[in-house]
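Participant: Contents of run35.cif (mmCIF, C-alpha atoms and all ligand atoms) are given next:
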```
data_structure
#
loop_
_atom_site.label_atom_id
_atom_site.label_comp_id
_atom_site.auth_asym_id
_atom_site.auth_seq_id
_atom_site.Cartn_x
_atom_site.Cartn_y
_atom_site.Cartn_z
CA MET Z 1 95.58 166.12 236.78
CA GLU Z 2 95.13 163.03 234.59
CA SER Z 3 95.24 159.58 236.16
CA ILE Z 4 95.79 157.01 233.44
CA LEU Z 5 95.31 153.25 233.23
CA VAL Z 6 96.89 151.21 230.41
CA THR Z 7 95.66 147.67 229.73
CA GLY Z 8 97.93 145.24 227.89
CA ALA Z 9 100.82 147.41 229.09
CA CYS Z 10 103.40 144.63 228.63
CA GLY Z 11 102.73 144.34 224.90
CA GLN Z 12 104.55 145.78 221.92
CA LEU Z 13 102.53 149.01 221.85
CA GLY Z 14 101.38 149.09 225.48
CA SER Z 15 104.91 149.10 226.89
CA GLU Z 16 106.18 152.02 224.79
CA LEU Z 17 102.92 153.93 225.19
CA THR Z 18 103.18 153.51 228.99
CA LEU Z 19 106.73 154.87 229.01
CA ALA Z 20 105.73 157.85 226.81
CA LEU Z 21 102.73 158.62 229.03
CA ARG Z 22 104.92 158.42 232.15
CA GLU Z 23 107.37 160.81 230.53
CA LYS Z 24 104.53 163.29 229.94
CA TYR Z 25 102.34 162.90 233.03
CA GLY Z 26 104.78 161.52 235.62
CA SER Z 27 105.29 157.86 236.56
CA LYS Z 28 102.82 157.77 239.44
CA GLN Z 29 99.99 159.02 237.19
CA VAL Z 30 100.20 156.06 234.79
CA ILE Z 31 99.05 152.68 236.07
CA ALA Z 32 100.35 149.86 233.88
CA THR Z 33 98.21 146.70 233.91
CA ASP Z 34 98.43 143.36 232.16
CA ILE Z 35 97.50 139.72 232.67
CA ARG Z 36 101.23 138.91 232.93
CA GLN Z 37 104.10 140.33 234.95
CA PRO Z 38 105.90 143.29 233.39
CA ALA Z 39 109.34 143.30 231.78
CA HIS Z 40 112.09 145.19 233.60
CA CYS Z 41 111.30 148.54 231.92
CA LEU Z 42 107.92 148.78 233.67
CA HIS Z 43 109.14 147.62 237.11
CA ASN Z 44 109.19 149.87 240.20
CA GLU Z 45 106.32 151.93 238.85
CA PRO Z 46 102.61 151.46 239.47
CA PHE Z 47 101.72 148.06 238.04
CA GLU Z 48 98.64 145.92 238.69
CA LEU Z 49 97.77 142.49 237.39
CA LEU Z 50 94.48 142.80 235.50
CA ASP Z 51 92.63 140.30 233.35
CA ILE Z 52 90.51 142.62 231.23
CA LEU Z 53 87.71 140.04 231.28
CA ASP Z 54 87.42 140.64 235.06
CA LYS Z 55 85.17 143.71 235.09
CA SER Z 56 84.97 143.99 238.88
CA GLN Z 57 88.78 144.11 239.19
CA LEU Z 58 88.83 146.78 236.46
CA GLN Z 59 86.24 148.79 238.41
CA LYS Z 60 88.29 148.40 241.63
CA LEU Z 61 91.37 149.83 239.92
CA ILE Z 62 89.36 152.71 238.43
CA ASP Z 63 88.14 153.60 241.92
CA LYS Z 64 91.49 153.02 243.65
CA TYR Z 65 93.43 155.33 241.29
CA HIS Z 66 90.61 157.79 240.35
CA ILE Z 67 91.23 157.00 236.70
CA THR Z 68 90.40 159.67 234.08
CA ARG Z 69 91.84 158.03 230.92
CA ILE Z 70 92.07 154.42 229.80
CA PHE Z 71 94.30 153.26 226.97
CA HIS Z 72 92.87 149.81 226.28
CA MET Z 73 95.65 147.91 224.46
CA ALA Z 74 94.98 144.31 225.58
CA ALA Z 75 93.99 142.07 222.65
CA ILE Z 76 94.87 138.94 220.73
CA LEU Z 77 96.46 139.85 217.39
CA SER Z 78 95.65 138.67 213.87
CA ALA Z 79 97.81 135.57 213.36
CA LYS Z 80 97.46 134.33 216.98
CA ALA Z 81 93.68 134.88 216.88
CA GLU Z 82 93.31 132.31 214.11
CA ASP Z 83 94.68 129.62 216.52
CA ASN Z 84 91.83 130.19 218.95
CA PRO Z 85 89.03 132.19 217.28
CA LEU Z 86 86.51 132.04 220.14
CA LEU Z 87 89.03 133.13 222.75
CA ALA Z 88 90.15 135.99 220.48
CA TRP Z 89 86.53 137.07 219.95
CA GLU Z 90 85.86 136.93 223.70
CA LEU Z 91 88.98 138.84 224.73
CA ASN Z 92 88.80 141.46 222.00
CA THR Z 93 85.08 142.25 222.25
CA THR Z 94 84.17 141.58 225.91
CA GLY Z 95 87.41 143.28 227.00
CA LEU Z 96 86.38 146.46 225.16
CA LEU Z 97 82.78 146.25 226.37
CA ASN Z 98 84.02 146.05 229.98
CA VAL Z 99 86.03 149.24 229.43
CA LEU Z 100 83.10 151.00 227.70
CA GLU Z 101 80.76 149.99 230.53
CA VAL Z 102 82.96 151.39 233.32
CA ALA Z 103 83.25 154.63 231.30
CA ARG Z 104 79.47 154.73 230.83
CA ASN Z 105 79.10 154.75 234.60
CA ASN Z 106 81.75 157.43 235.07
CA ASN Z 107 81.56 160.26 232.55
CA LYS Z 108 84.98 161.65 233.57
CA ILE Z 109 86.72 158.71 231.83
CA LYS Z 110 88.06 159.13 228.30
CA ILE Z 111 89.01 155.98 226.37
CA PHE Z 112 91.51 155.15 223.67
CA TRP Z 113 91.03 151.81 221.92
CA PRO Z 114 93.02 150.73 218.84
CA SER Z 115 91.37 149.24 215.80
CA SER Z 116 93.37 147.88 212.87
CA ILE Z 117 93.62 147.78 209.09
CA ALA Z 118 92.31 144.22 209.60
CA VAL Z 119 88.77 145.65 209.61
CA PHE Z 120 89.00 145.76 205.82
CA GLY Z 121 88.48 142.63 203.73
CA PRO Z 122 88.72 141.06 200.29
CA SER Z 123 86.00 143.31 198.80
CA THR Z 124 87.57 146.54 200.11
CA PRO Z 125 89.49 148.59 197.50
CA ARG Z 126 93.11 147.84 198.39
CA SER Z 127 94.83 150.98 197.17
CA ASN Z 128 94.45 154.23 199.12
CA THR Z 129 91.58 152.65 201.08
CA PRO Z 130 89.09 155.39 202.10
CA GLN Z 131 87.80 156.10 205.60
CA ASN Z 132 84.30 154.90 204.73
CA VAL Z 133 84.17 151.90 202.43
CA ILE Z 134 82.87 148.33 202.20
CA MET Z 135 84.31 146.21 205.03
CA ASP Z 136 84.07 142.43 204.96
CA PRO Z 137 86.94 141.11 207.12
CA ASP Z 138 87.38 137.34 206.96
CA THR Z 139 89.69 136.87 209.95
CA VAL Z 140 88.37 136.57 213.50
CA TYR Z 141 90.68 139.44 214.45
CA GLY Z 142 89.20 141.70 211.75
CA ILE Z 143 85.65 140.66 212.60
CA SER Z 144 86.22 141.45 216.28
CA LYS Z 145 87.84 144.82 215.49
CA LEU Z 146 84.98 145.81 213.17
CA ALA Z 147 82.36 144.82 215.78
CA CYS Z 148 84.28 146.85 218.37
CA GLU Z 149 84.34 149.90 216.10
CA ARG Z 150 80.54 149.71 215.95
CA TRP Z 151 80.37 149.38 219.75
CA CYS Z 152 82.60 152.45 220.21
CA GLU Z 153 80.33 154.55 218.00
CA TYR Z 154 77.25 153.14 219.77
CA TYR Z 155 78.54 154.02 223.26
CA ASN Z 156 79.48 157.50 222.06
CA HIS Z 157 76.15 158.20 220.35
CA HIS Z 158 73.88 156.59 222.94
CA TYR Z 159 75.72 157.23 226.24
CA GLY Z 160 78.11 160.09 225.40
CA VAL Z 161 81.20 158.00 226.19
CA ASP Z 162 84.28 159.89 224.94
CA VAL Z 163 85.99 157.04 223.11
CA ARG Z 164 88.60 157.64 220.42
CA SER Z 165 90.28 155.23 218.07
CA VAL Z 166 92.64 154.77 215.14
CA ARG Z 167 93.11 151.87 212.74
CA TYR Z 168 96.79 151.11 213.26
CA PRO Z 169 98.72 149.65 210.35
CA GLY Z 170 101.54 147.16 211.07
CA ILE Z 171 103.74 148.64 213.81
CA LEU Z 172 107.55 148.44 213.66
CA SER Z 173 109.56 148.58 216.88
CA TYR Z 174 112.66 147.02 218.37
CA LYS Z 175 112.26 147.24 222.17
CA THR Z 176 109.77 144.38 222.63
CA ASP Z 177 108.86 141.34 220.59
CA PRO Z 178 105.83 141.65 218.31
CA GLY Z 179 102.65 140.01 219.59
CA GLY Z 180 101.72 137.57 216.79
CA GLY Z 181 100.48 139.82 213.99
CA THR Z 182 100.62 139.36 210.22
CA THR Z 183 103.13 142.22 209.84
CA ASP Z 184 105.66 140.74 212.31
CA TYR Z 185 107.94 139.81 209.37
CA ALA Z 186 108.95 143.48 209.14
CA ILE Z 187 110.46 143.24 212.64
CA GLU Z 188 111.92 139.73 212.39
CA ILE Z 189 113.98 140.69 209.33
CA PHE Z 190 115.81 143.39 211.32
CA HIS Z 191 116.77 140.88 214.02
CA LYS Z 192 118.19 138.58 211.34
CA ALA Z 193 120.02 141.50 209.71
CA ILE Z 194 121.90 142.52 212.85
CA HIS Z 195 122.82 138.88 213.63
CA ASN Z 196 124.05 138.36 210.05
CA GLU Z 197 121.59 135.54 209.50
CA PRO Z 198 119.49 134.81 206.39
CA TYR Z 199 115.79 135.63 206.63
CA GLU Z 200 112.94 133.39 205.49
CA CYS Z 201 109.90 135.61 205.00
CA PHE Z 202 106.40 134.25 205.64
CA LEU Z 203 104.82 136.75 203.20
CA ALA Z 204 105.36 136.99 199.43
CA ASP Z 205 108.00 139.44 198.18
CA ASN Z 206 105.41 141.73 196.51
CA CYS Z 207 102.87 141.81 199.38
CA ARG Z 208 102.46 145.55 200.01
CA LEU Z 209 101.05 146.56 203.41
CA PRO Z 210 100.64 149.82 205.35
CA MET Z 211 103.17 150.18 208.18
CA MET Z 212 104.25 152.72 210.80
CA TYR Z 213 107.21 153.23 213.13
CA ILE Z 214 106.13 152.95 216.76
CA ASP Z 215 107.13 156.49 217.78
CA ASP Z 216 104.67 157.85 215.22
CA ALA Z 217 101.94 155.49 216.48
CA VAL Z 218 102.47 156.43 220.13
CA ARG Z 219 102.69 160.17 219.44
CA GLY Z 220 99.58 160.06 217.20
CA THR Z 221 97.67 158.15 219.88
CA MET Z 222 98.54 160.72 222.55
CA GLU Z 223 97.74 163.63 220.22
CA LEU Z 224 94.31 162.19 219.40
CA MET Z 225 93.53 161.91 223.12
CA ASP Z 226 94.53 165.55 223.71
CA GLN Z 227 92.11 166.99 221.11
CA PRO Z 228 88.96 168.77 222.29
CA ALA Z 229 86.01 166.36 222.08
CA GLY Z 230 84.23 168.59 219.53
CA GLN Z 231 87.03 168.05 217.03
CA ILE Z 232 86.58 164.26 216.95
CA ASN Z 233 83.84 163.49 214.46
CA VAL Z 234 84.73 159.85 213.78
CA ARG Z 235 83.75 157.74 216.81
CA SER Z 236 84.26 154.35 215.16
CA SER Z 237 87.94 154.61 214.19
CA TYR Z 238 90.16 156.87 212.07
CA ASN Z 239 92.27 155.61 209.17
CA MET Z 240 95.87 156.42 210.12
CA ALA Z 241 98.75 155.92 207.69
CA ALA Z 242 102.47 156.46 207.38
CA ILE Z 243 104.35 154.25 204.91
CA SER Z 244 103.57 151.25 202.68
CA PHE Z 245 106.14 148.75 201.45
CA THR Z 246 106.58 145.15 200.33
CA PRO Z 247 108.93 142.59 201.93
CA GLY Z 248 111.10 142.93 198.80
CA GLU Z 249 111.34 146.72 199.18
CA LEU Z 250 112.08 146.46 202.90
CA TYR Z 251 114.77 143.87 202.21
CA HIS Z 252 116.49 146.19 199.68
CA ALA Z 253 116.27 149.17 202.06
CA ILE Z 254 117.92 147.14 204.86
CA LYS Z 255 120.48 145.58 202.52
CA GLU Z 256 121.79 149.05 201.66
CA LYS Z 257 122.96 149.22 205.29
CA VAL Z 258 123.61 145.51 205.96
CA SER Z 259 125.06 144.08 202.75
CA SER Z 260 125.29 140.51 204.14
CA LEU Z 261 121.49 140.16 204.49
CA SER Z 262 119.84 137.53 202.30
CA ILE Z 263 116.16 136.66 202.01
CA SER Z 264 113.99 133.79 200.77
CA TYR Z 265 110.20 133.64 200.61
CA GLN Z 266 108.07 130.86 202.08
CA PRO Z 267 104.53 132.33 202.32
CA ASP Z 268 102.35 130.59 204.93
CA PHE Z 269 98.74 131.12 206.17
CA ARG Z 270 99.58 134.73 207.02
CA GLN Z 271 99.97 135.56 203.31
CA LYS Z 272 96.24 134.90 202.84
CA ILE Z 273 95.43 137.26 205.72
CA ALA Z 274 97.74 139.95 204.33
CA ALA Z 275 96.27 139.59 200.84
CA SER Z 276 92.85 140.57 202.21
CA TRP Z 277 94.19 143.82 203.73
CA PRO Z 278 94.79 147.21 202.06
CA GLU Z 279 98.09 148.05 200.37
CA SER Z 280 97.83 151.69 201.37
CA ILE Z 281 95.44 153.84 203.38
CA ASP Z 282 93.81 157.23 202.78
CA ASP Z 283 93.98 159.01 206.14
CA THR Z 284 92.90 162.47 204.95
CA THR Z 285 90.14 162.66 207.58
CA ALA Z 286 92.56 162.17 210.49
CA ARG Z 287 95.01 164.66 208.97
CA LYS Z 288 92.26 167.29 208.53
CA GLU Z 289 90.32 166.79 211.76
CA TRP Z 290 93.07 166.44 214.35
CA GLY Z 291 96.26 167.21 212.50
CA TRP Z 292 97.70 163.69 212.24
CA ALA Z 293 101.06 163.63 210.42
CA HIS Z 294 103.69 160.89 210.39
CA ARG Z 295 107.40 161.68 210.73
CA TYR Z 296 109.15 158.41 209.87
CA GLY Z 297 109.50 157.39 206.22
CA LEU Z 298 110.97 154.03 205.19
CA GLU Z 299 114.58 155.25 205.25
CA GLU Z 300 114.27 156.82 208.72
CA THR Z 301 112.50 153.70 210.01
CA VAL Z 302 115.25 151.39 208.74
CA GLU Z 303 117.88 153.62 210.30
CA VAL Z 304 116.24 153.86 213.72
CA MET Z 305 115.42 150.11 213.82
CA LEU Z 306 119.02 149.09 213.01
CA GLU Z 307 120.54 151.61 215.41
CA GLY Z 308 118.13 150.61 218.19
CA LEU Z 309 118.73 146.90 217.80
CA LYS Z 310 122.50 147.29 217.66
CA ALA Z 311 122.44 149.41 220.81
N1 LIG Z 401 101.20 145.73 216.83
C1 LIG Z 401 100.57 145.99 215.70
O1 LIG Z 401 101.15 145.93 214.61
C2 LIG Z 401 99.11 146.39 215.74
C3 LIG Z 401 98.48 146.74 214.55
C4 LIG Z 401 97.13 147.09 214.58
C5 LIG Z 401 96.45 147.13 215.79
N2 LIG Z 401 97.10 146.77 216.94
C6 LIG Z 401 96.32 146.80 218.19
O2 LIG Z 401 97.03 147.50 219.19
C7 LIG Z 401 96.78 146.91 220.48
C8 LIG Z 401 98.09 146.55 221.14
O3 LIG Z 401 98.79 145.66 220.28
P1 LIG Z 401 100.22 145.07 220.67
O4 LIG Z 401 100.97 144.89 219.41
O5 LIG Z 401 100.84 145.84 221.77
O6 LIG Z 401 99.79 143.62 221.17
P2 LIG Z 401 100.64 142.58 222.05
O7 LIG Z 401 100.17 141.22 221.71
O8 LIG Z 401 102.10 142.87 221.93
O9 LIG Z 401 100.18 142.95 223.53
C9 LIG Z 401 98.91 142.64 224.02
C10 LIG Z 401 99.00 142.57 225.52
O10 LIG Z 401 97.72 142.19 226.03
C11 LIG Z 401 97.94 141.34 227.15
N3 LIG Z 401 96.75 140.52 227.40
C12 LIG Z 401 96.37 139.38 226.78
N4 LIG Z 401 95.26 138.89 227.33
C13 LIG Z 401 94.90 139.76 228.32
C14 LIG Z 401 93.83 139.81 229.25
N5 LIG Z 401 92.88 138.86 229.29
N6 LIG Z 401 93.79 140.84 230.12
C15 LIG Z 401 94.73 141.80 230.09
N7 LIG Z 401 95.79 141.80 229.25
C16 LIG Z 401 95.85 140.79 228.37
C17 LIG Z 401 99.14 140.49 226.75
O11 LIG Z 401 99.76 139.92 227.89
C18 LIG Z 401 100.01 141.52 226.03
O12 LIG Z 401 100.94 142.12 226.91
C19 LIG Z 401 95.85 145.72 220.20
O13 LIG Z 401 94.51 146.12 220.35
C20 LIG Z 401 96.11 145.41 218.74
O14 LIG Z 401 95.02 144.76 218.15
C21 LIG Z 401 98.40 146.42 216.93
#
```
Re-express the file's structure as structure tokens.
Ligand SMILES: NC(=O)c1ccc[n+]([C@@H]2O[C@H](COP(=O)([O-])OP(=O)(O)OC[C@H]3O[C@@H](n4cnc5c(N)ncnc54)[C@H](O)[C@@H]3O)[C@@H](O)[C@H]2O)c1

Facilitator:
Amino acid sequence: MESILVTGACGQLGSELTLALREKYGSKQVIATDIRQPAHCLHNEPFELLDILDKSQLQKLIDKYHITRIFHMAAILSAKAEDNPLLAWELNTTGLLNVLEVARNNNKIKIFWPSSIAVFGPSTPRSNTPQNVIMDPDTVYGISKLACERWCEYYNHHYGVDVRSVRYPGILSYKTDPGGGTTDYAIEIFHKAIHNEPYECFLADNCRLPMMYIDDAVRGTMELMDQPAGQINVRSSYNMAAISFTPGELYHAIKEKVSSLSISYQPDFRQKIAASWPESIDDTTARKEWGWAHRYGLEETVEVMLEGLKA
């Protein structure tokens, strides 16, 4: 019987991942934790306040609930991280190291930790970016994610810690607000569309980025964790892709359903971050090694986002 702890469970990904895990394993088996109180959807289920920088509290919860899997989702995202680089570095790297350390001392614990397409940088080939390639991130978020990828591989190779990871692209969802990433525009525009308001986009109209609907991200995450350890050859982080589009293309796809939508472009500091990231990702290794396959294309994503927000 798995006993699962989710950090950052109140966030955009953590909240939906927690609900999906509870659906699969039963509510009592999935302990949601965060530094802040949960939204209504996570109430009345096991929830514990946990600052991931507090290693002794983490250890107490591991012991209290006999934890066998940790999904470590707490982090500061790309755009927010630039406001406070040292805090972002501390939270993103020390938070992961605390999780890796408790797993090193308890070999029953399997870890999932998400990396990001932000590990790539201006010198990385932007189209169909390979699994192994030059990486020179120039955001504190990307630097912290790349360092963490190296730590994951180190703990696996040196201590046998079973840690697994994917490089998420921008995640689209409608149930919670996005957490301050560079791809948040792709969620904001849907909110404007259903309220019949014009949208001012903070990226340029032709800025192509890899994206994914949240159900694909959550399902892929759970599938990766269910693979036999021998199948997982990449212990840094797997490229994982679904769709790639520009703000202009997303606007036209939404406008087919919401004809009143209008858009203007006012690129800000986030455009520079986005311009250093890949346009599309080659995720052949993940598809071959553990059968990753996305289900939501752009059209399906637009449909489910609009329907969900209206509901
Ligand atoms: N959302 C995306 O588009 C995206 C893309 C690539 C990678 N990721 C990665 O996925 C993970 C989850 O992202 P998300 O979008 O859900 O982020 P989010 O910002 O929505 O949620 C992060 C959560 O971490 C919590 N948190 C912050 N400081 C904490 C601390 N000290 N201790 C414990 N919890 C703390 C926050 O309260 C928040 O609920 C992160 O590692 C992120 O880097 C996300």

Participant: Would you mind telling me which residue in Z:Thr33, Z:Ser56, Z:Thr285, Z:Ser280 lies nearest to ligand LIG 401 (chain Z) when using only C-alpha atoms and all ligand atoms?

Facilitator: Z:Thr33

Participant: Considering all atoms listed in the file, can you say which of Z:Pro137, Z:Gly291, Z:Pro210, Z:Gly248 comes closest to Gln231 (chain Z)?

Facilitator: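 The answer is Z:Gly291, which sits nearest to Gln231 (chain Z).
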
Participant: Could you give me, as a VMD selection string, the residues within 8 Å of region 50-52 of chain Z, counting all atoms listed in the file and dropping anything in the same chain fewer than 2 positions from it?

Facilitator: chain Z and resid 7 33 to 35 48 54 to 55 57 to 58 74 91 95 98

Participant: Give the answer as one residue: which of Z:Ala79, Z:Leu309, Z:Ile273, Z:Leu17 has the shortest atom-to-atom distance to His195 (chain Z), using only C-alpha atoms?

Facilitator: Z:Leu309

Participant: List the neighbours of Cys201 (chain Z) out to 12 Å using all atoms listed in the file; skip same-chain residues closer than 4 positions along the sequence, and give me the result as a ChimeraX atom specification.

Facilitator: /Z:182-190,192,205-207,246-248,250-251,262-268,270-271

Participant: Do you know which residues are within 7 Å of ligand LIG 401 (chain Z) using all atoms listed in the file? Can you write them as a PDB file with C-alpha atoms, keeping the file's coordinate frame?

Facilitator:
```
ATOM      1  CA  THR Z   7      95.660 147.670 229.730  1.00  0.00           C
ATOM      2  CA  GLY Z   8      97.930 145.240 227.890  1.00  0.00           C
ATOM      3  CA  ALA Z   9     100.820 147.410 229.090  1.00  0.00           C
ATOM      4  CA  CYS Z  10     103.400 144.630 228.630  1.00  0.00           C
ATOM      5  CA  GLY Z  11     102.730 144.340 224.900  1.00  0.00           C
ATOM      6  CA  GLN Z  12     104.550 145.780 221.920  1.00  0.00           C
ATOM      7  CA  LEU Z  13     102.530 149.010 221.850  1.00  0.00           C
ATOM      8  CA  GLY Z  14     101.380 149.090 225.480  1.00  0.00           C
ATOM      9  CA  ASP Z  34      98.430 143.360 232.160  1.00  0.00           C
ATOM     10  CA  ILE Z  35      97.500 139.720 232.670  1.00  0.00           C
ATOM     11  CA  ARG Z  36     101.230 138.910 232.930  1.00  0.00           C
ATOM     12  CA  LEU Z  50      94.480 142.800 235.500  1.00  0.00           C
ATOM     13  CA  ASP Z  51      92.630 140.300 233.350  1.00  0.00           C
ATOM     14  CA  ILE Z  52      90.510 142.620 231.230  1.00  0.00           C
ATOM     15  CA  LEU Z  53      87.710 140.040 231.280  1.00  0.00           C
ATOM     16  CA  MET Z  73      95.650 147.910 224.460  1.00  0.00           C
ATOM     17  CA  ALA Z  74      94.980 144.310 225.580  1.00  0.00           C
ATOM     18  CA  ALA Z  75      93.990 142.070 222.650  1.00  0.00           C
ATOM     19  CA  ILE Z  76      94.870 138.940 220.730  1.00  0.00           C
ATOM     20  CA  LEU Z  77      96.460 139.850 217.390  1.00  0.00           C
ATOM     21  CA  LEU Z  91      88.980 138.840 224.730  1.00  0.00           C
ATOM     22  CA  TRP Z 113      91.030 151.810 221.920  1.00  0.00           C
ATOM     23  CA  PRO Z 114      93.020 150.730 218.840  1.00  0.00           C
ATOM     24  CA  SER Z 115      91.370 149.240 215.800  1.00  0.00           C
ATOM     25  CA  SER Z 116      93.370 147.880 212.870  1.00  0.00           C
ATOM     26  CA  ILE Z 117      93.620 147.780 209.090  1.00  0.00           C
ATOM     27  CA  ARG Z 167      93.110 151.870 212.740  1.00  0.00           C
ATOM     28  CA  TYR Z 168      96.790 151.110 213.260  1.00  0.00           C
ATOM     29  CA  PRO Z 169      98.720 149.650 210.350  1.00  0.00           C
ATOM     30  CA  GLY Z 170     101.540 147.160 211.070  1.00  0.00           C
ATOM     31  CA  ILE Z 171     103.740 148.640 213.810  1.00  0.00           C
ATOM     32  CA  LEU Z 172     107.550 148.440 213.660  1.00  0.00           C
ATOM     33  CA  PRO Z 178     105.830 141.650 218.310  1.00  0.00           C
ATOM     34  CA  GLY Z 179     102.650 140.010 219.590  1.00  0.00           C
ATOM     35  CA  GLY Z 180     101.720 137.570 216.790  1.00  0.00           C
ATOM     36  CA  GLY Z 181     100.480 139.820 213.990  1.00  0.00           C
ATOM     37  CA  THR Z 183     103.130 142.220 209.840  1.00  0.00           C
TER      38      THR Z 183
END
```

Participant: Under the rule that all atoms listed in the file are counted, which of Z:Ala88, Z:Leu306, Z:Met1, Z:Met225 is the nearest residue to Ile194 (chain Z)?

Facilitator: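 Answer, going by the shortest atom-to-atom distance: Z:Leu306.
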
Participant: Neighbours of Arg164 (chain Z) within 7 Å (all atoms listed in the file; same-chain residues fewer than 3 positions away dropped), as a list in words?

Facilitator: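 So the residues in contact are Ile111, Phe112, Trp113, Arg235 and Ser237 of chain Z.
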
Participant: If we count only C-alpha atoms, what is near His43 (chain Z) at a cut-off of 12 Å, once residues fewer than 3 positions away on the same chain are taken out, given as a list of chain:residue names?

Facilitator: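 My list of contacting residues is Z:Ala9, Z:Cys10, Z:Ser15, Z:Thr18, Z:Leu19, Z:Ser27, Z:Ile31, Z:Ala32, Z:Thr33, Z:Gln37, Z:Pro38, Z:Ala39, Z:His40, Z:Pro46, Z:Phe47, Z:Glu48.
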
Participant: Write the residues you've just listed into a file as a PDB file, in the coordinates of the input, and include C-alpha atoms for each of them.

Facilitator:
```pdb
ATOM      1  CA  ALA Z   9     100.820 147.410 229.090  1.00  0.00           C
ATOM      2  CA  CYS Z  10     103.400 144.630 228.630  1.00  0.00           C
ATOM      3  CA  SER Z  15     104.910 149.100 226.890  1.00  0.00           C
ATOM      4  CA  THR Z  18     103.180 153.510 228.990  1.00  0.00           C
ATOM      5  CA  LEU Z  19     106.730 154.870 229.010  1.00  0.00           C
ATOM      6  CA  SER Z  27     105.290 157.860 236.560  1.00  0.00           C
ATOM      7  CA  ILE Z  31      99.050 152.680 236.070  1.00  0.00           C
ATOM      8  CA  ALA Z  32     100.350 149.860 233.880  1.00  0.00           C
ATOM      9  CA  THR Z  33      98.210 146.700 233.910  1.00  0.00           C
ATOM     10  CA  GLN Z  37     104.100 140.330 234.950  1.00  0.00           C
ATOM     11  CA  PRO Z  38     105.900 143.290 233.390  1.00  0.00           C
ATOM     12  CA  ALA Z  39     109.340 143.300 231.780  1.00  0.00           C
ATOM     13  CA  HIS Z  40     112.090 145.190 233.600  1.00  0.00           C
ATOM     14  CA  PRO Z  46     102.610 151.460 239.470  1.00  0.00           C
ATOM     15  CA  PHE Z  47     101.720 148.060 238.040  1.00  0.00           C
ATOM     16  CA  GLU Z  48      98.640 145.920 238.690  1.00  0.00           C
TER      17      GLU Z  48
END
```

Participant: Excluding same-chain residues fewer than 2 positions from Leu298 (chain Z), what lies within 9 Å of it counting all atoms listed in the file, as a list of chain:residue names?

Facilitator: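 Close residues of Leu298 (chain Z): Z:Met212, Z:Tyr213, Z:Ile243, Z:Ser244, Z:Phe245, Z:Leu250, Z:Ala253, Z:Tyr296, Z:Glu300, Z:Thr301, Z:Val302, Z:Glu303.
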
Participant: When you count all atoms listed in the file, which of these residues is closest to Lys310 (chain Z): Z:Arg208, Z:His191, Z:Lys257, Z:Arg287?

Facilitator: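 Using all atoms listed in the file, the shortest distance to Lys310 (chain Z) belongs to Z:His191.
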
Participant: Which of these residues is nearest to Leu49 (chain Z), using all atoms listed in the file: Z:Cys152, Z:Ala311, Z:Ala204, Z:Leu61?

Facilitator: Z:Leu61
